[in-house]
Amino acid sequence: MNAFQAPKGTYDLLPPDSAAFLAVRTAIAAPLRTAGYGYVETPAFEHVELFARGVGESTDIVTKEMYAFSTKGGTDLALRPEGTASVLRAALEANLHKAGNLPVKLWYSGSYYRYERPQKGRYRQFSQVGAEAIGAEDPALDAELIILADQAYRSLGLREFRILLNSLGDKECRPVYREALQGFLRGLDLDEETLRRAEINPLRVLDDKRADVQKQLVGAPLLRDYLCDACKAYHEEVRALLTAAGVAFEDDAKLVRGLDYYTRTTFEFVHDGLGSQSAVGGGGRYDGLSEMIGGPALPSVGWALGVDRTVLALEAEGVVLDVPSATDVYAVPLGEEARRVLFGVVTRLREEGVATDFSYGGKGLKGAMKNANRSGARYALVAGERDLAEGVLQLKDMESGEQRPVALDAVVETVKAALA
Ligand code: ATP
Ligand code: MG
C-alpha cells in the first residue's frame, strides 16, 4: 500500500476536471427543483437490514457488492449501495407521508459504495443524483420523472442516449409470469449458479449479460404478454404521456434491472458511447418497497442517475460544459501599501460576485503575472505606489495585453462593466 494512493476503485476529483463533475450534479438537480422535489440527505451508512430487505437478499448488490461491517458496539451496518431504500426509510421515520401532501417528492445527491470489479465507468465509490416520488400511484408521476431526467441530460448537451422502457407488472400478474419464466429457464442449459438464480429470482436471469445465456433466452416468455389489464392500462398511459411530451423511448421487453423492489414502470437511460458500462441511469416504480421495510403501503417511483458515467458520456460525445471561469480577475500588488489597498478591492469584487484571486506570498511582478496567466483570469489588476499616488489601478487585458488606468474609487463598476 502506498499512502499517497487512493484505494482501488476510487478516484479523486480535482480542479479543473472537478468543475464539470459539479456542473453535472447541478444540472441533473435543476429540473427536479423546478418540479417540486425537496432536497434530502441521509447517512452514508444504514443498518444492513434495510438493504437486505429493501434491495433484496438475492441481488448482486446485497450478496456480493455491499460494504457491510460490524461496529465496535456490535451493530451491523453497511455503506449505502444505493439511495432509494435510505430515502424511503428517512421519509417513513419522519412521517412525511402523514403530512397529507402526497406524493412526497425528494431529490438527493451523494456517494454510493459497491464492492465491484473496478473498470472504466464502474467504481467502488460512485456518485448519483436521484429523485423519489413517494405515496402516489399515477402514470403522470412516472412520466414526470422520465421527462425530468430527459430534460437534465438534454440541458447538459447529451444527445446519444436512449430511454429503454418496460413494465414489470404487479403482485397480480407477475407471479403468473414468474412461474412461466421459471418453467422455461429450467429447460435451458445453464450453470449451477444461474439455475439457482432462476429459482430465487428468475427475472434477473433475463438481465444476464453473457452472450451464450442471451442466445438461449431468445424464445423466453415475455412479461408484456402476461400483464394484467390494470398494469397494461397503466403502462399505456405512461407511454402516451411520454409520447405527448415528445420524449422518445424504446420498448424493451427484457429490461428488468438489478433490484428486487421494482413493479410496473421500469426504465433505463443508456448511452452508446460508453462500451459495456452503458447505463447512465435507471429507475422505476417500487410499489411494494415500503411494506418490505416495515412501512405502510406507499406506491412510489424514482430514479438515480450516475454522475460518473454521465461525465464519461459527455466526454464520449465531445461535449465541453460551459463551466464559469474559476478566476475572472487576478490582483497583483507591488509593495506593501498596494497590497493592503488591492486586498480591499479583491474583497469588494468578490462581494459583487466577480471571481477574483490575489497574488499571495509577496511575489515580484514577473512571478505574479505568471500566476495571473495560469489562473485563466480575463483581467489583471496591477498597482504600485505611483498608481496609488495618482488614485488609479492598472487594468490589464490578459488576452490582448492592453493596459489602462482605472480610477480606484470606480474600480468595482469598471471591472464589472469590462467583464459584462
Ligand atoms: P450496472 O448494470 O451497470 O451495474 P446498475 O443497474 O447496478 O448498473 P443502478 O443500481 O440502477 O445501476 O444505479 C443507477 C446508476 O448509477 C447506473 O445507471 C450507473 O450510472 C450508476 N452506477 C451504478 N453502479 C455504479 C458503479 N459501480 N460505478 C459507477 N456508476 C455506477
Ligand atoms: Mg450494478
# chains A, B, ... in the order shown; residues from 1 in each chain; ligands from 1

call {"tool": "residues_around", "arguments": {"residues": "Pro405 (chain A)", "least_positions_apart": "3", "cutoff": "8 Å", "atoms": "only C-alpha atoms", "output": "ChimeraX atom specification"}}
result
/A:392-395

call {"tool": "closest_atom_pairs", "arguments": {"of": "region 262-359 of chain A", "to": "region 222-230 of chain A", "cutoff": "12 Å", "atoms": "only C-alpha atoms", "output": "tab-separated table"}}
result
residue	atom	partner	partner_atom	distance
A:Thr263	CA	A:Leu227	CA	11.4
A:Arg264	CA	A:Leu227	CA	9.2
A:Thr265	CA	A:Arg224	CA	11.6

call {"tool": "write_last_selection", "arguments": {"atoms": "N, CA, C and O atoms", "output": "compact mmCIF listing (two decimals), in the first residue's frame"}}
result
# COMPACT_ATOMS: atom_id res chain seq x y z
N THR A 263 -41.72 -2.57 -9.52
CA THR A 263 -43.01 -3.05 -10.03
C THR A 263 -43.40 -2.13 -11.19
O THR A 263 -42.94 -1.00 -11.27
N ARG A 264 -44.23 -2.62 -12.05
CA ARG A 264 -44.74 -1.80 -13.18
C ARG A 264 -43.61 -1.06 -13.92
O ARG A 264 -42.65 -1.68 -14.32
N THR A 265 -43.74 0.26 -14.05
CA THR A 265 -42.81 1.03 -14.87
C THR A 265 -41.34 0.81 -14.48
O THR A 265 -40.97 1.00 -13.32

call {"tool": "residues_near_ligand", "arguments": {"ligand": "ligand 1", "cutoff": "8 Å", "atoms": "only C-alpha atoms and all ligand atoms", "output": "ChimeraX atom specification"}}
result
/A:61,81-82,113-116,118,121-128,257-259,268-270,276-283,303-310

call {"tool": "closest_residue", "arguments": {"among": "A:Phe343, A:Phe45, A:Phe4, A:Tyr112", "to": "ligand 2", "atoms": "only C-alpha atoms and all ligand atoms"}}
result
A:Tyr112

call {"tool": "select_by_dssp", "arguments": {"residues": "region 228-267 of chain A", "states": "strand (DSSP E or B)", "output": "NGL selection string"}}
result
:A and (250-251 or 263-267)

call {"tool": "residues_around", "arguments": {"residues": "Val301 (chain A)", "least_positions_apart": "5", "cutoff": "7 Å", "atoms": "only C-alpha atoms", "output": "VMD selection string"}}
result
chain A and resid 132 to 134 142 284 to 286

call {"tool": "residues_around", "arguments": {"residues": "Glu399 (chain A)", "least_positions_apart": "2", "cutoff": "9 Å", "atoms": "only C-alpha atoms", "output": "short mmCIF file (atom, residue, chain, number, x, y, z; two decimals) with N, CA, C and O atoms, in the first residue's frame"}}
result
data_model
loop_
_atom_site.label_atom_id
_atom_site.label_comp_id
_atom_site.auth_asym_id
_atom_site.auth_seq_id
_atom_site.Cartn_x
_atom_site.Cartn_y
_atom_site.Cartn_z
N ARG A 378 -9.37 36.83 -16.93
CA ARG A 378 -9.56 37.67 -18.10
C ARG A 378 -8.78 38.98 -17.93
O ARG A 378 -8.25 39.52 -18.89
N TYR A 379 -8.73 39.48 -16.71
CA TYR A 379 -8.04 40.74 -16.42
C TYR A 379 -7.11 40.59 -15.21
O TYR A 379 -7.40 39.84 -14.29
N LYS A 396 -5.30 45.28 -16.76
CA LYS A 396 -4.63 44.68 -17.92
C LYS A 396 -5.48 43.56 -18.50
O LYS A 396 -5.86 42.63 -17.81
N ASP A 397 -5.76 43.68 -19.79
CA ASP A 397 -6.48 42.64 -20.52
C ASP A 397 -5.50 41.51 -20.81
O ASP A 397 -4.51 41.70 -21.52
N GLY A 401 -3.21 41.99 -23.91
CA GLY A 401 -2.04 42.59 -23.29
C GLY A 401 -2.19 44.09 -23.05
O GLY A 401 -1.33 44.72 -22.45
N GLU A 402 -3.29 44.66 -23.53
CA GLU A 402 -3.52 46.11 -23.34
C GLU A 402 -3.73 46.45 -21.87
O GLU A 402 -4.35 45.69 -21.14
#

call {"tool": "closest_residue", "arguments": {"among": "A:Ala44, A:Val238, A:Leu14, A:Leu255", "to": "Leu141 (chain A)", "atoms": "only C-alpha atoms"}}
result
A:Val238

call {"tool": "atom_distance", "arguments": {"atom1": "CA of Arg80 (chain A)", "atom2": "CA of Ala297 (chain A)"}}
result
23.4 Å

call {"tool": "residues_around", "arguments": {"residues": "Val323 (chain A)", "least_positions_apart": "6", "cutoff": "9 Å", "atoms": "only C-alpha atoms", "output": "number ranges by chain"}}
result
A: 19-20, 23

call {"tool": "write_last_selection", "arguments": {"atoms": "N, CA and C atoms", "output": "CSV table (one decimal), in the first residue's frame"}}
result
chain,number,residue,atom,x,y,z
A,19,ALA,N,-14.8,20.6,-11.8
A,19,ALA,CA,-15.8,21.6,-12.1
A,19,ALA,C,-16.9,21.0,-13.0
A,20,ALA,N,-16.5,20.2,-13.9
A,20,ALA,CA,-17.5,19.6,-14.8
A,20,ALA,C,-18.4,18.6,-14.0
A,23,ALA,N,-20.8,20.6,-12.1
A,23,ALA,CA,-21.9,21.1,-13.0
A,23,ALA,C,-22.9,20.1,-13.4

call {"tool": "select_by_dssp", "arguments": {"residues": "region 192-232 of chain A", "states": "alpha helix (DSSP H)", "output": "PyMOL selection string"}}
result
chain A and resi 192-200+202-205+211-216+229-232

call {"tool": "atom_distance", "arguments": {"atom1": "CA of Ser155 (chain A)", "atom2": "CA of Gly246 (chain A)"}}
result
15.2 Å

call {"tool": "closest_residue", "arguments": {"among": "A:Arg386, A:Arg53, A:Arg348, A:Arg197", "to": "Pro333 (chain A)", "atoms": "only C-alpha atoms"}}
result
A:Arg386

call {"tool": "closest_residue", "arguments": {"among": "A:Glu137, A:Glu352, A:Asp189, A:Glu390", "to": "Val415 (chain A)", "atoms": "only C-alpha atoms"}}
result
A:Glu352

call {"tool": "closest_residue", "arguments": {"among": "A:Val213, A:Val329, A:Ala389, A:Leu13", "to": "Arg374 (chain A)", "atoms": "only C-alpha atoms"}}
result
A:Val329
